[in-house]
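Dropping coords30.cif in here (mmCIF, N, CA and C atoms):
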```cif
data_coords
loop_
_atom_site.label_atom_id
_atom_site.label_comp_id
_atom_site.auth_asym_id
_atom_site.auth_seq_id
_atom_site.Cartn_x
_atom_site.Cartn_y
_atom_site.Cartn_z
N GLN A 1 -32.35 -103.66 -10.97
CA GLN A 1 -32.87 -103.70 -12.33
C GLN A 1 -33.79 -102.51 -12.55
N ALA A 2 -33.60 -101.80 -13.67
CA ALA A 2 -34.36 -100.59 -13.95
C ALA A 2 -35.63 -100.90 -14.72
N GLN A 3 -36.66 -100.14 -14.42
CA GLN A 3 -37.89 -100.14 -15.21
C GLN A 3 -38.04 -98.75 -15.81
N LEU A 4 -38.40 -98.70 -17.09
CA LEU A 4 -38.49 -97.43 -17.81
C LEU A 4 -39.88 -97.29 -18.41
N VAL A 5 -40.46 -96.10 -18.28
CA VAL A 5 -41.79 -95.84 -18.82
C VAL A 5 -41.76 -94.51 -19.57
N GLU A 6 -42.04 -94.58 -20.89
CA GLU A 6 -42.07 -93.36 -21.70
C GLU A 6 -43.45 -92.73 -21.69
N SER A 7 -43.48 -91.43 -21.95
CA SER A 7 -44.73 -90.71 -22.12
C SER A 7 -44.46 -89.48 -22.99
N GLY A 8 -45.54 -88.85 -23.45
CA GLY A 8 -45.38 -87.61 -24.19
C GLY A 8 -45.54 -87.72 -25.70
N GLY A 9 -45.72 -88.93 -26.20
CA GLY A 9 -45.90 -89.09 -27.63
C GLY A 9 -47.25 -88.56 -28.07
N GLY A 10 -47.46 -88.51 -29.40
CA GLY A 10 -48.72 -88.04 -29.93
C GLY A 10 -48.60 -87.65 -31.38
N TRP A 11 -49.59 -86.90 -31.84
CA TRP A 11 -49.62 -86.43 -33.22
C TRP A 11 -49.25 -84.96 -33.26
N VAL A 12 -48.46 -84.58 -34.26
CA VAL A 12 -48.07 -83.19 -34.40
C VAL A 12 -47.89 -82.90 -35.89
N ARG A 13 -48.14 -81.68 -36.29
CA ARG A 13 -47.93 -81.27 -37.68
C ARG A 13 -46.45 -81.07 -37.97
N PRO A 14 -46.04 -81.20 -39.21
CA PRO A 14 -44.65 -80.91 -39.56
C PRO A 14 -44.24 -79.53 -39.09
N GLY A 15 -43.05 -79.44 -38.54
CA GLY A 15 -42.56 -78.20 -37.99
C GLY A 15 -42.88 -78.01 -36.52
N GLY A 16 -43.72 -78.86 -35.98
CA GLY A 16 -44.11 -78.77 -34.59
C GLY A 16 -43.10 -79.39 -33.65
N SER A 17 -43.46 -79.38 -32.36
CA SER A 17 -42.57 -79.88 -31.32
C SER A 17 -43.30 -80.84 -30.39
N LEU A 18 -42.55 -81.74 -29.82
CA LEU A 18 -43.02 -82.64 -28.77
C LEU A 18 -41.89 -82.85 -27.78
N ARG A 19 -42.25 -83.14 -26.55
CA ARG A 19 -41.26 -83.49 -25.54
C ARG A 19 -41.60 -84.85 -24.97
N LEU A 20 -40.72 -85.79 -25.15
CA LEU A 20 -40.89 -87.11 -24.58
C LEU A 20 -40.23 -87.18 -23.21
N SER A 21 -40.84 -87.94 -22.32
CA SER A 21 -40.28 -88.16 -21.00
C SER A 21 -40.12 -89.66 -20.77
N CYS A 22 -39.17 -90.00 -19.94
CA CYS A 22 -38.94 -91.39 -19.59
C CYS A 22 -38.67 -91.44 -18.09
N ALA A 23 -39.57 -92.09 -17.36
CA ALA A 23 -39.42 -92.21 -15.92
C ALA A 23 -38.74 -93.53 -15.59
N ALA A 24 -37.69 -93.46 -14.78
CA ALA A 24 -36.94 -94.65 -14.40
C ALA A 24 -37.17 -94.99 -12.95
N SER A 25 -37.24 -96.26 -12.65
CA SER A 25 -37.35 -96.73 -11.28
C SER A 25 -36.50 -98.00 -11.14
N GLY A 26 -36.05 -98.26 -9.93
CA GLY A 26 -35.19 -99.41 -9.70
C GLY A 26 -33.75 -99.08 -10.06
N GLY A 27 -32.83 -99.56 -9.29
CA GLY A 27 -31.44 -99.27 -9.56
C GLY A 27 -31.08 -97.84 -9.20
N THR A 28 -29.88 -97.42 -9.60
CA THR A 28 -29.41 -96.06 -9.34
C THR A 28 -29.28 -95.36 -10.69
N PHE A 29 -30.24 -94.51 -10.99
CA PHE A 29 -30.35 -93.92 -12.32
C PHE A 29 -29.08 -93.18 -12.73
N SER A 30 -28.46 -92.48 -11.79
CA SER A 30 -27.30 -91.67 -12.12
C SER A 30 -26.12 -92.50 -12.61
N THR A 31 -26.13 -93.78 -12.34
CA THR A 31 -25.02 -94.64 -12.76
C THR A 31 -25.24 -95.26 -14.14
N TYR A 32 -26.42 -95.04 -14.71
CA TYR A 32 -26.73 -95.62 -16.02
C TYR A 32 -26.32 -94.69 -17.16
N PHE A 33 -25.84 -95.24 -18.25
CA PHE A 33 -25.85 -94.47 -19.49
C PHE A 33 -27.24 -94.70 -20.11
N VAL A 34 -27.72 -93.71 -20.85
CA VAL A 34 -29.10 -93.75 -21.33
C VAL A 34 -29.17 -93.34 -22.80
N GLY A 35 -30.26 -93.73 -23.44
CA GLY A 35 -30.40 -93.39 -24.83
C GLY A 35 -31.84 -93.38 -25.29
N TRP A 36 -32.04 -92.84 -26.48
CA TRP A 36 -33.32 -92.86 -27.17
C TRP A 36 -33.13 -93.54 -28.52
N PHE A 37 -34.05 -94.41 -28.86
CA PHE A 37 -34.09 -95.07 -30.14
C PHE A 37 -35.49 -94.91 -30.72
N ARG A 38 -35.62 -95.19 -32.00
CA ARG A 38 -36.95 -95.15 -32.61
C ARG A 38 -37.05 -96.24 -33.67
N GLN A 39 -38.29 -96.65 -33.92
CA GLN A 39 -38.54 -97.68 -34.91
C GLN A 39 -39.78 -97.33 -35.71
N ALA A 40 -39.60 -97.12 -37.00
CA ALA A 40 -40.70 -96.85 -37.91
C ALA A 40 -41.23 -98.17 -38.46
N PRO A 41 -42.47 -98.20 -38.92
CA PRO A 41 -43.04 -99.44 -39.46
C PRO A 41 -42.17 -100.01 -40.58
N GLY A 42 -41.86 -101.28 -40.47
CA GLY A 42 -41.09 -101.95 -41.52
C GLY A 42 -39.61 -101.65 -41.51
N LYS A 43 -39.15 -100.92 -40.50
CA LYS A 43 -37.73 -100.56 -40.44
C LYS A 43 -37.11 -101.07 -39.15
N ASP A 44 -35.78 -101.14 -39.16
CA ASP A 44 -35.07 -101.54 -37.95
C ASP A 44 -35.08 -100.41 -36.93
N ARG A 45 -34.88 -100.79 -35.68
CA ARG A 45 -34.76 -99.79 -34.63
C ARG A 45 -33.49 -98.99 -34.86
N GLU A 46 -33.57 -97.67 -34.76
CA GLU A 46 -32.41 -96.84 -35.03
C GLU A 46 -32.09 -95.90 -33.86
N PHE A 47 -30.85 -95.60 -33.74
CA PHE A 47 -30.33 -94.72 -32.70
C PHE A 47 -30.79 -93.29 -32.94
N VAL A 48 -31.15 -92.62 -31.85
CA VAL A 48 -31.52 -91.21 -31.91
C VAL A 48 -30.54 -90.36 -31.10
N ALA A 49 -30.37 -90.70 -29.83
CA ALA A 49 -29.51 -89.91 -28.95
C ALA A 49 -29.06 -90.76 -27.78
N ALA A 50 -27.93 -90.39 -27.19
CA ALA A 50 -27.43 -91.12 -26.03
C ALA A 50 -26.67 -90.17 -25.12
N MET A 51 -26.67 -90.49 -23.84
CA MET A 51 -25.92 -89.71 -22.86
C MET A 51 -25.18 -90.66 -21.94
N LYS A 52 -23.91 -90.38 -21.75
CA LYS A 52 -23.16 -91.13 -20.76
C LYS A 52 -23.59 -90.68 -19.37
N ARG A 53 -23.21 -91.42 -18.38
CA ARG A 53 -23.55 -91.06 -17.02
C ARG A 53 -22.69 -89.89 -16.57
N ASN A 54 -23.17 -89.22 -15.54
CA ASN A 54 -22.41 -88.15 -14.90
C ASN A 54 -21.91 -87.10 -15.89
N ARG A 55 -22.84 -86.62 -16.74
CA ARG A 55 -22.53 -85.54 -17.68
C ARG A 55 -21.32 -85.89 -18.55
N GLY A 56 -21.24 -87.15 -18.96
CA GLY A 56 -20.10 -87.58 -19.76
C GLY A 56 -20.20 -87.24 -21.22
N GLY A 57 -21.28 -86.64 -21.66
CA GLY A 57 -21.39 -86.28 -23.07
C GLY A 57 -22.71 -86.74 -23.64
N THR A 58 -23.22 -86.02 -24.63
CA THR A 58 -24.46 -86.34 -25.31
C THR A 58 -24.19 -86.47 -26.80
N TYR A 59 -24.77 -87.50 -27.40
CA TYR A 59 -24.49 -87.80 -28.80
C TYR A 59 -25.81 -87.96 -29.55
N TYR A 60 -25.81 -87.52 -30.81
CA TYR A 60 -27.03 -87.54 -31.60
C TYR A 60 -26.79 -88.19 -32.96
N ALA A 61 -27.84 -88.78 -33.48
CA ALA A 61 -27.82 -89.23 -34.87
C ALA A 61 -27.81 -88.00 -35.77
N ALA A 62 -27.18 -88.12 -36.92
CA ALA A 62 -27.08 -86.99 -37.83
C ALA A 62 -28.46 -86.49 -38.26
N SER A 63 -29.42 -87.40 -38.34
CA SER A 63 -30.75 -87.04 -38.83
C SER A 63 -31.52 -86.15 -37.86
N VAL A 64 -31.09 -86.11 -36.60
CA VAL A 64 -31.83 -85.32 -35.60
C VAL A 64 -30.99 -84.21 -34.98
N LYS A 65 -29.70 -84.21 -35.25
CA LYS A 65 -28.81 -83.23 -34.62
C LYS A 65 -29.24 -81.82 -35.01
N GLY A 66 -29.33 -80.96 -34.00
CA GLY A 66 -29.78 -79.58 -34.23
C GLY A 66 -31.27 -79.40 -34.06
N ARG A 67 -32.02 -80.50 -34.06
CA ARG A 67 -33.47 -80.43 -33.88
C ARG A 67 -33.93 -81.07 -32.57
N PHE A 68 -33.24 -82.10 -32.15
CA PHE A 68 -33.59 -82.83 -30.92
C PHE A 68 -32.57 -82.53 -29.83
N THR A 69 -33.06 -82.49 -28.60
CA THR A 69 -32.17 -82.30 -27.46
C THR A 69 -32.52 -83.31 -26.38
N ALA A 70 -31.54 -84.13 -26.02
CA ALA A 70 -31.72 -85.10 -24.95
C ALA A 70 -31.18 -84.52 -23.65
N SER A 71 -31.85 -84.82 -22.55
CA SER A 71 -31.38 -84.36 -21.24
C SER A 71 -31.81 -85.37 -20.18
N ARG A 72 -31.19 -85.26 -19.04
CA ARG A 72 -31.54 -86.14 -17.93
C ARG A 72 -31.55 -85.36 -16.63
N ASP A 73 -32.40 -85.79 -15.71
CA ASP A 73 -32.45 -85.20 -14.37
C ASP A 73 -32.24 -86.37 -13.41
N ASN A 74 -31.04 -86.51 -12.92
CA ASN A 74 -30.74 -87.64 -12.05
C ASN A 74 -31.46 -87.55 -10.71
N ASP A 75 -31.77 -86.35 -10.27
CA ASP A 75 -32.49 -86.20 -8.99
C ASP A 75 -33.92 -86.73 -9.10
N LYS A 76 -34.50 -86.58 -10.28
CA LYS A 76 -35.88 -87.01 -10.50
C LYS A 76 -35.97 -88.36 -11.20
N ASN A 77 -34.82 -88.94 -11.54
CA ASN A 77 -34.79 -90.22 -12.29
C ASN A 77 -35.57 -90.11 -13.60
N MET A 78 -35.30 -89.02 -14.31
CA MET A 78 -36.02 -88.75 -15.55
C MET A 78 -35.06 -88.54 -16.72
N LEU A 79 -35.53 -88.95 -17.88
CA LEU A 79 -34.83 -88.75 -19.13
C LEU A 79 -35.79 -88.04 -20.07
N TYR A 80 -35.30 -87.08 -20.86
CA TYR A 80 -36.17 -86.30 -21.73
C TYR A 80 -35.62 -86.27 -23.15
N LEU A 81 -36.54 -86.07 -24.10
CA LEU A 81 -36.14 -85.83 -25.48
C LEU A 81 -37.03 -84.71 -26.02
N GLN A 82 -36.45 -83.53 -26.16
CA GLN A 82 -37.16 -82.40 -26.75
C GLN A 82 -36.97 -82.47 -28.25
N MET A 83 -38.08 -82.54 -28.98
CA MET A 83 -38.03 -82.69 -30.43
C MET A 83 -38.67 -81.47 -31.08
N ASN A 84 -37.88 -80.72 -31.83
CA ASN A 84 -38.35 -79.53 -32.52
C ASN A 84 -38.25 -79.72 -34.03
N SER A 85 -38.92 -78.87 -34.77
CA SER A 85 -38.88 -78.91 -36.24
C SER A 85 -39.14 -80.33 -36.75
N LEU A 86 -40.16 -80.93 -36.24
CA LEU A 86 -40.43 -82.33 -36.58
C LEU A 86 -40.80 -82.49 -38.04
N LYS A 87 -40.40 -83.62 -38.59
CA LYS A 87 -40.64 -83.94 -39.99
C LYS A 87 -41.45 -85.24 -40.08
N PRO A 88 -42.14 -85.48 -41.18
CA PRO A 88 -42.88 -86.74 -41.32
C PRO A 88 -41.99 -87.97 -41.15
N GLU A 89 -40.75 -87.87 -41.55
CA GLU A 89 -39.84 -89.00 -41.42
C GLU A 89 -39.43 -89.28 -39.97
N ASP A 90 -39.80 -88.40 -39.05
CA ASP A 90 -39.57 -88.66 -37.62
C ASP A 90 -40.65 -89.55 -37.03
N THR A 91 -41.69 -89.86 -37.79
CA THR A 91 -42.75 -90.72 -37.32
C THR A 91 -42.22 -92.10 -36.97
N ALA A 92 -42.47 -92.54 -35.74
CA ALA A 92 -41.94 -93.82 -35.27
C ALA A 92 -42.43 -94.05 -33.85
N VAL A 93 -42.19 -95.25 -33.35
CA VAL A 93 -42.30 -95.52 -31.92
C VAL A 93 -40.95 -95.20 -31.30
N TYR A 94 -40.96 -94.38 -30.27
CA TYR A 94 -39.74 -93.95 -29.61
C TYR A 94 -39.57 -94.70 -28.31
N TYR A 95 -38.35 -95.18 -28.08
CA TYR A 95 -38.03 -95.97 -26.90
C TYR A 95 -36.89 -95.31 -26.13
N CYS A 96 -36.99 -95.30 -24.80
CA CYS A 96 -35.85 -94.94 -24.00
C CYS A 96 -35.18 -96.23 -23.53
N ALA A 97 -33.90 -96.13 -23.27
CA ALA A 97 -33.13 -97.29 -22.89
C ALA A 97 -32.04 -96.88 -21.91
N ALA A 98 -31.58 -97.84 -21.11
CA ALA A 98 -30.54 -97.58 -20.13
C ALA A 98 -29.62 -98.78 -20.03
N GLY A 99 -28.40 -98.53 -19.60
CA GLY A 99 -27.45 -99.62 -19.45
C GLY A 99 -26.48 -99.35 -18.34
N VAL A 100 -25.78 -100.39 -17.96
CA VAL A 100 -24.82 -100.34 -16.86
C VAL A 100 -23.41 -100.46 -17.41
N GLY A 101 -22.49 -99.68 -16.85
CA GLY A 101 -21.11 -99.77 -17.27
C GLY A 101 -20.63 -98.51 -17.95
N SER A 102 -19.50 -98.63 -18.64
CA SER A 102 -18.89 -97.49 -19.32
C SER A 102 -18.53 -97.89 -20.74
N PRO A 103 -19.52 -97.99 -21.61
CA PRO A 103 -19.23 -98.42 -22.98
C PRO A 103 -18.46 -97.36 -23.75
N ILE A 104 -17.73 -97.80 -24.76
CA ILE A 104 -17.06 -96.83 -25.63
C ILE A 104 -18.12 -96.09 -26.43
N MET A 105 -17.79 -94.90 -26.87
CA MET A 105 -18.77 -94.02 -27.50
C MET A 105 -19.45 -94.69 -28.68
N SER A 106 -18.69 -95.34 -29.52
CA SER A 106 -19.28 -95.91 -30.74
C SER A 106 -20.30 -96.99 -30.46
N SER A 107 -20.21 -97.63 -29.31
CA SER A 107 -21.16 -98.69 -28.98
C SER A 107 -22.51 -98.14 -28.54
N LEU A 108 -22.57 -96.85 -28.24
CA LEU A 108 -23.85 -96.25 -27.82
C LEU A 108 -24.85 -96.20 -28.97
N TRP A 109 -24.37 -96.34 -30.21
CA TRP A 109 -25.30 -96.32 -31.35
C TRP A 109 -26.08 -97.63 -31.45
N SER A 110 -25.59 -98.67 -30.80
CA SER A 110 -26.16 -100.01 -30.97
C SER A 110 -27.17 -100.33 -29.88
N SER A 111 -28.34 -100.80 -30.27
CA SER A 111 -29.36 -101.15 -29.29
C SER A 111 -28.92 -102.31 -28.39
N SER A 112 -28.04 -103.16 -28.88
CA SER A 112 -27.60 -104.32 -28.08
C SER A 112 -26.73 -103.91 -26.89
N THR A 113 -26.26 -102.67 -26.87
CA THR A 113 -25.44 -102.18 -25.76
C THR A 113 -26.27 -101.95 -24.51
N TYR A 114 -27.56 -101.74 -24.67
CA TYR A 114 -28.44 -101.35 -23.57
C TYR A 114 -29.07 -102.56 -22.90
N ASP A 115 -29.27 -102.42 -21.58
CA ASP A 115 -29.80 -103.52 -20.78
C ASP A 115 -31.30 -103.42 -20.52
N TYR A 116 -31.81 -102.21 -20.47
CA TYR A 116 -33.20 -102.00 -20.08
C TYR A 116 -33.91 -101.12 -21.11
N TRP A 117 -35.20 -101.42 -21.33
CA TRP A 117 -35.97 -100.71 -22.35
C TRP A 117 -37.36 -100.37 -21.83
N GLY A 118 -37.87 -99.23 -22.28
CA GLY A 118 -39.25 -98.90 -22.04
C GLY A 118 -40.16 -99.57 -23.07
N GLN A 119 -41.44 -99.34 -22.94
CA GLN A 119 -42.41 -99.99 -23.81
C GLN A 119 -42.63 -99.22 -25.11
N GLY A 120 -42.16 -97.98 -25.16
CA GLY A 120 -42.28 -97.18 -26.37
C GLY A 120 -43.48 -96.25 -26.35
N THR A 121 -43.34 -95.14 -27.07
CA THR A 121 -44.43 -94.19 -27.22
C THR A 121 -44.48 -93.73 -28.69
N GLN A 122 -45.68 -93.68 -29.25
CA GLN A 122 -45.84 -93.38 -30.66
C GLN A 122 -45.75 -91.88 -30.91
N VAL A 123 -44.97 -91.52 -31.92
CA VAL A 123 -44.89 -90.13 -32.40
C VAL A 123 -45.29 -90.15 -33.87
N THR A 124 -46.30 -89.36 -34.20
CA THR A 124 -46.77 -89.27 -35.59
C THR A 124 -46.69 -87.82 -36.05
N VAL A 125 -45.99 -87.60 -37.15
CA VAL A 125 -45.84 -86.26 -37.71
C VAL A 125 -46.49 -86.26 -39.09
N SER A 126 -47.58 -85.54 -39.21
CA SER A 126 -48.28 -85.49 -40.49
C SER A 126 -49.17 -84.26 -40.54
N SER A 127 -49.52 -83.88 -41.73
CA SER A 127 -50.41 -82.74 -41.91
C SER A 127 -51.84 -83.20 -42.12
#
```
Now, as a test, write the supplied structure out as structure tokens.
Amino acid sequence: QAQLVESGGGWVRPGGSLRLSCAASGGTFSTYFVGWFRQAPGKDREFVAAMKRNRGGTYYAASVKGRFTASRDNDKNMLYLQMNSLKPEDTAVYYCAAGVGSPIMSSLWSSSTYDYWGQGTQVTVSS
């Protein structure tokens, strides 16, 4: 069973950058598919990015594509989300997640596909 811990959140001005990290422990990280989700106040949790295991592909929500880059380091059991050109609408609690198996691509958008979740880290974008 995996445990996930996010870090790197904070406050940044519009147009700025942040890099989120997610440290995984327990289980075999390289066998997990992983993802990032976010939840703004009063809104549902939404998909941000996902990566299949073993360099199987990286997928992004349209709202972040071209600005955010997800990556993983299986040797270090780490997951990252580089966020550039941040906008006020990116303000949310960001969560990393992981799951076991080989889900079809379209199911990676759904939070119910994932088995393990971090506690979340707050990202605030404002002037």
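Proximity ranking of A:Trp117, A:Leu20, A:Tyr59, A:Ala49 relative to Ser7 in chain A places A:Leu20 first, based on all atoms listed in the file.
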Distance query Ser30 in chain A at most 9 Å, only C-alpha atoms, self and fewer than 3 positions along chain excluded, as a ChimeraX atom specification: /A:33,53-54,73-75,77
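Ranking A:Leu81, A:Val5, A:Ala50, A:Val123 by their shortest atom-to-atom distance to Trp109 in chain A, with all atoms listed in the file included, puts A:Ala50 first.
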Test item, helix (DSSP H, G or I) assignment across chain A, answer as a PyMOL selection string: chain A and resi 29-31+88-90+105-109+111-113
N, CA and C atoms of the current selection, written as a PDB file, in the coordinates of the input:
```
ATOM      1  N   PHE A  29     -30.240 -94.510 -10.990  1.00  0.00           N
ATOM      2  CA  PHE A  29     -30.350 -93.920 -12.320  1.00  0.00           C
ATOM      3  C   PHE A  29     -29.080 -93.180 -12.730  1.00  0.00           C
ATOM      4  N   SER A  30     -28.460 -92.480 -11.790  1.00  0.00           N
ATOM      5  CA  SER A  30     -27.300 -91.670 -12.120  1.00  0.00           C
ATOM      6  C   SER A  30     -26.120 -92.500 -12.610  1.00  0.00           C
ATOM      7  N   THR A  31     -26.130 -93.780 -12.340  1.00  0.00           N
ATOM      8  CA  THR A  31     -25.020 -94.640 -12.760  1.00  0.00           C
ATOM      9  C   THR A  31     -25.240 -95.260 -14.140  1.00  0.00           C
ATOM     10  N   PRO A  88     -42.140 -85.480 -41.180  1.00  0.00           N
ATOM     11  CA  PRO A  88     -42.880 -86.740 -41.320  1.00  0.00           C
ATOM     12  C   PRO A  88     -41.990 -87.970 -41.150  1.00  0.00           C
ATOM     13  N   GLU A  89     -40.750 -87.870 -41.550  1.00  0.00           N
ATOM     14  CA  GLU A  89     -39.840 -89.000 -41.420  1.00  0.00           C
ATOM     15  C   GLU A  89     -39.430 -89.280 -39.970  1.00  0.00           C
ATOM     16  N   ASP A  90     -39.800 -88.400 -39.050  1.00  0.00           N
ATOM     17  CA  ASP A  90     -39.570 -88.660 -37.620  1.00  0.00           C
ATOM     18  C   ASP A  90     -40.650 -89.550 -37.030  1.00  0.00           C
ATOM     19  N   MET A 105     -17.790 -94.900 -26.870  1.00  0.00           N
ATOM     20  CA  MET A 105     -18.770 -94.020 -27.500  1.00  0.00           C
ATOM     21  C   MET A 105     -19.450 -94.690 -28.680  1.00  0.00           C
ATOM     22  N   SER A 106     -18.690 -95.340 -29.520  1.00  0.00           N
ATOM     23  CA  SER A 106     -19.280 -95.910 -30.740  1.00  0.00           C
ATOM     24  C   SER A 106     -20.300 -96.990 -30.460  1.00  0.00           C
ATOM     25  N   SER A 107     -20.210 -97.630 -29.310  1.00  0.00           N
ATOM     26  CA  SER A 107     -21.160 -98.690 -28.980  1.00  0.00           C
ATOM     27  C   SER A 107     -22.510 -98.140 -28.540  1.00  0.00           C
ATOM     28  N   LEU A 108     -22.570 -96.850 -28.240  1.00  0.00           N
ATOM     29  CA  LEU A 108     -23.850 -96.250 -27.820  1.00  0.00           C
ATOM     30  C   LEU A 108     -24.850 -96.200 -28.970  1.00  0.00           C
ATOM     31  N   TRP A 109     -24.370 -96.340 -30.210  1.00  0.00           N
ATOM     32  CA  TRP A 109     -25.300 -96.320 -31.350  1.00  0.00           C
ATOM     33  C   TRP A 109     -26.080 -97.630 -31.450  1.00  0.00           C
ATOM     34  N   SER A 111     -28.340-100.800 -30.270  1.00  0.00           N
ATOM     35  CA  SER A 111     -29.360-101.150 -29.290  1.00  0.00           C
ATOM     36  C   SER A 111     -28.920-102.310 -28.390  1.00  0.00           C
ATOM     37  N   SER A 112     -28.040-103.160 -28.880  1.00  0.00           N
ATOM     38  CA  SER A 112     -27.600-104.320 -28.080  1.00  0.00           C
ATOM     39  C   SER A 112     -26.730-103.910 -26.890  1.00  0.00           C
ATOM     40  N   THR A 113     -26.260-102.670 -26.870  1.00  0.00           N
ATOM     41  CA  THR A 113     -25.440-102.180 -25.760  1.00  0.00           C
ATOM     42  C   THR A 113     -26.270-101.950 -24.510  1.00  0.00           C
TER      43      THR A 113
END
```
Among listed residues A:Arg19, A:Lys52, A:Arg13, A:Lys43, nearest Thr31 in chain A (using all atoms listed in the file): A:Lys52
The PyMOL selection byres ((chain A and resi 2-4) around 5) applied to the shown file, residues as number ranges by chain: A: 1, 5-6, 23-27, 118
Restricting the output to N, CA and C atoms, write the selected residues as a JSON list (two decimals), in the frame of the given file.
```json
[["chain", "number", "residue", "atom", "x", "y", "z"],
["A", 1, "GLN", "N", -32.35, -103.66, -10.97],
["A", 1, "GLN", "CA", -32.87, -103.70, -12.33],
["A", 1, "GLN", "C", -33.79, -102.51, -12.55],
["A", 5, "VAL", "N", -40.46, -96.10, -18.28],
["A", 5, "VAL", "CA", -41.79, -95.84, -18.82],
["A", 5, "VAL", "C", -41.76, -94.51, -19.57],
["A", 6, "GLU", "N", -42.04, -94.58, -20.89],
["A", 6, "GLU", "CA", -42.07, -93.36, -21.70],
["A", 6, "GLU", "C", -43.45, -92.73, -21.69],
["A", 23, "ALA", "N", -39.57, -92.09, -17.36],
["A", 23, "ALA", "CA", -39.42, -92.21, -15.92],
["A", 23, "ALA", "C", -38.74, -93.53, -15.59],
["A", 24, "ALA", "N", -37.69, -93.46, -14.78],
["A", 24, "ALA", "CA", -36.94, -94.65, -14.40],
["A", 24, "ALA", "C", -37.17, -94.99, -12.95],
["A", 25, "SER", "N", -37.24, -96.26, -12.65],
["A", 25, "SER", "CA", -37.35, -96.73, -11.28],
["A", 25, "SER", "C", -36.50, -98.00, -11.14],
["A", 26, "GLY", "N", -36.05, -98.26, -9.93],
["A", 26, "GLY", "CA", -35.19, -99.41, -9.70],
["A", 26, "GLY", "C", -33.75, -99.08, -10.06],
["A", 27, "GLY", "N", -32.83, -99.56, -9.29],
["A", 27, "GLY", "CA", -31.44, -99.27, -9.56],
["A", 27, "GLY", "C", -31.08, -97.84, -9.20],
["A", 118, "GLY", "N", -37.87, -99.23, -22.28],
["A", 118, "GLY", "CA", -39.25, -98.90, -22.04],
["A", 118, "GLY", "C", -40.16, -99.57, -23.07]]
```
Residue among A:Val100, A:Gly8, A:Gly120, A:Tyr95 lying closest to Trp36 in chain A, counting only N, CA and C atoms: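 Using only N, CA and C atoms, the shortest distance to Trp36 in chain A belongs to A:Tyr95.
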Gly99 in chain A surroundings by only C-alpha atoms, 8 Å radius, close-in-sequence under 2 positions cut, as number ranges by chain: A: 32-34, 97, 101, 113-116
Filtering to N, CA and C atoms, could you give me those residues as a CSV table (one decimal), in the frame of the given file?
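Result file follows (part_26.csv):
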```
chain,number,residue,atom,x,y,z
A,32,TYR,N,-26.4,-95.0,-14.7
A,32,TYR,CA,-26.7,-95.6,-16.0
A,32,TYR,C,-26.3,-94.7,-17.2
A,33,PHE,N,-25.8,-95.2,-18.2
A,33,PHE,CA,-25.8,-94.5,-19.5
A,33,PHE,C,-27.2,-94.7,-20.1
A,34,VAL,N,-27.7,-93.7,-20.8
A,34,VAL,CA,-29.1,-93.8,-21.3
A,34,VAL,C,-29.2,-93.3,-22.8
A,97,ALA,N,-33.9,-96.1,-23.3
A,97,ALA,CA,-33.1,-97.3,-22.9
A,97,ALA,C,-32.0,-96.9,-21.9
A,101,GLY,N,-22.5,-99.7,-16.8
A,101,GLY,CA,-21.1,-99.8,-17.3
A,101,GLY,C,-20.6,-98.5,-18.0
A,113,THR,N,-26.3,-102.7,-26.9
A,113,THR,CA,-25.4,-102.2,-25.8
A,113,THR,C,-26.3,-102.0,-24.5
A,114,TYR,N,-27.6,-101.7,-24.7
A,114,TYR,CA,-28.4,-101.4,-23.6
A,114,TYR,C,-29.1,-102.6,-22.9
A,115,ASP,N,-29.3,-102.4,-21.6
A,115,ASP,CA,-29.8,-103.5,-20.8
A,115,ASP,C,-31.3,-103.4,-20.5
A,116,TYR,N,-31.8,-102.2,-20.5
A,116,TYR,CA,-33.2,-102.0,-20.1
A,116,TYR,C,-33.9,-101.1,-21.1
```
DSSP strand (DSSP E or B) residues within chain A, as a count of residues only: 62
Pairwise distance for CA of Ser63 in chain A and CA of Val93 in chain A, rounded to one decimal in Å: 15.9 Å
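Going from CA of Tyr94 in chain A over to CA of Gly56 in chain A, you cover 22.9 Å.
Picture a line from CA of Thr58 in chain A to CA of Met78 in chain A; it runs 15.3 Å.
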Hits from the PyMOL selection byres (((chain A and resi 71 and name CA) around 8) and name CA), listed as a list in words: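 After applying the PyMOL selection byres (((chain A and resi 71 and name CA) around 8) and name CA), what remains is Met51, Thr69, Ala70, Arg72, Asp73, Leu79, Tyr80 and Leu81 of chain A.
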Selection near Phe68 in chain A, 7 Å with only N, CA and C atoms, sequence-local residues under 4 positions removed, as JSON, numbers by chain: {"A": [64, 81, 82, 83, 84]}
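What the PyMOL selection byres (((chain A and resi 12 and name CA) around 12) and name CA) picks from this file is Gly8, Gly9, Gly10, Trp11, Arg13, Pro14, Gly15, Gly16, Ser17, Leu18, Arg19, Met83, Asn84, Ser85, Leu86, Lys87, Pro88, Asp90, Thr91, Gln122, Val123, Thr124, Val125, Ser126 and Ser127 of chain A.
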Residue nearest Ser111 in chain A - candidates A:Thr28, A:Arg67, A:Glu46, A:Ala62, atoms counted: all atoms listed in the file: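 Under the stated criterion, the closest residue is A:Glu46.
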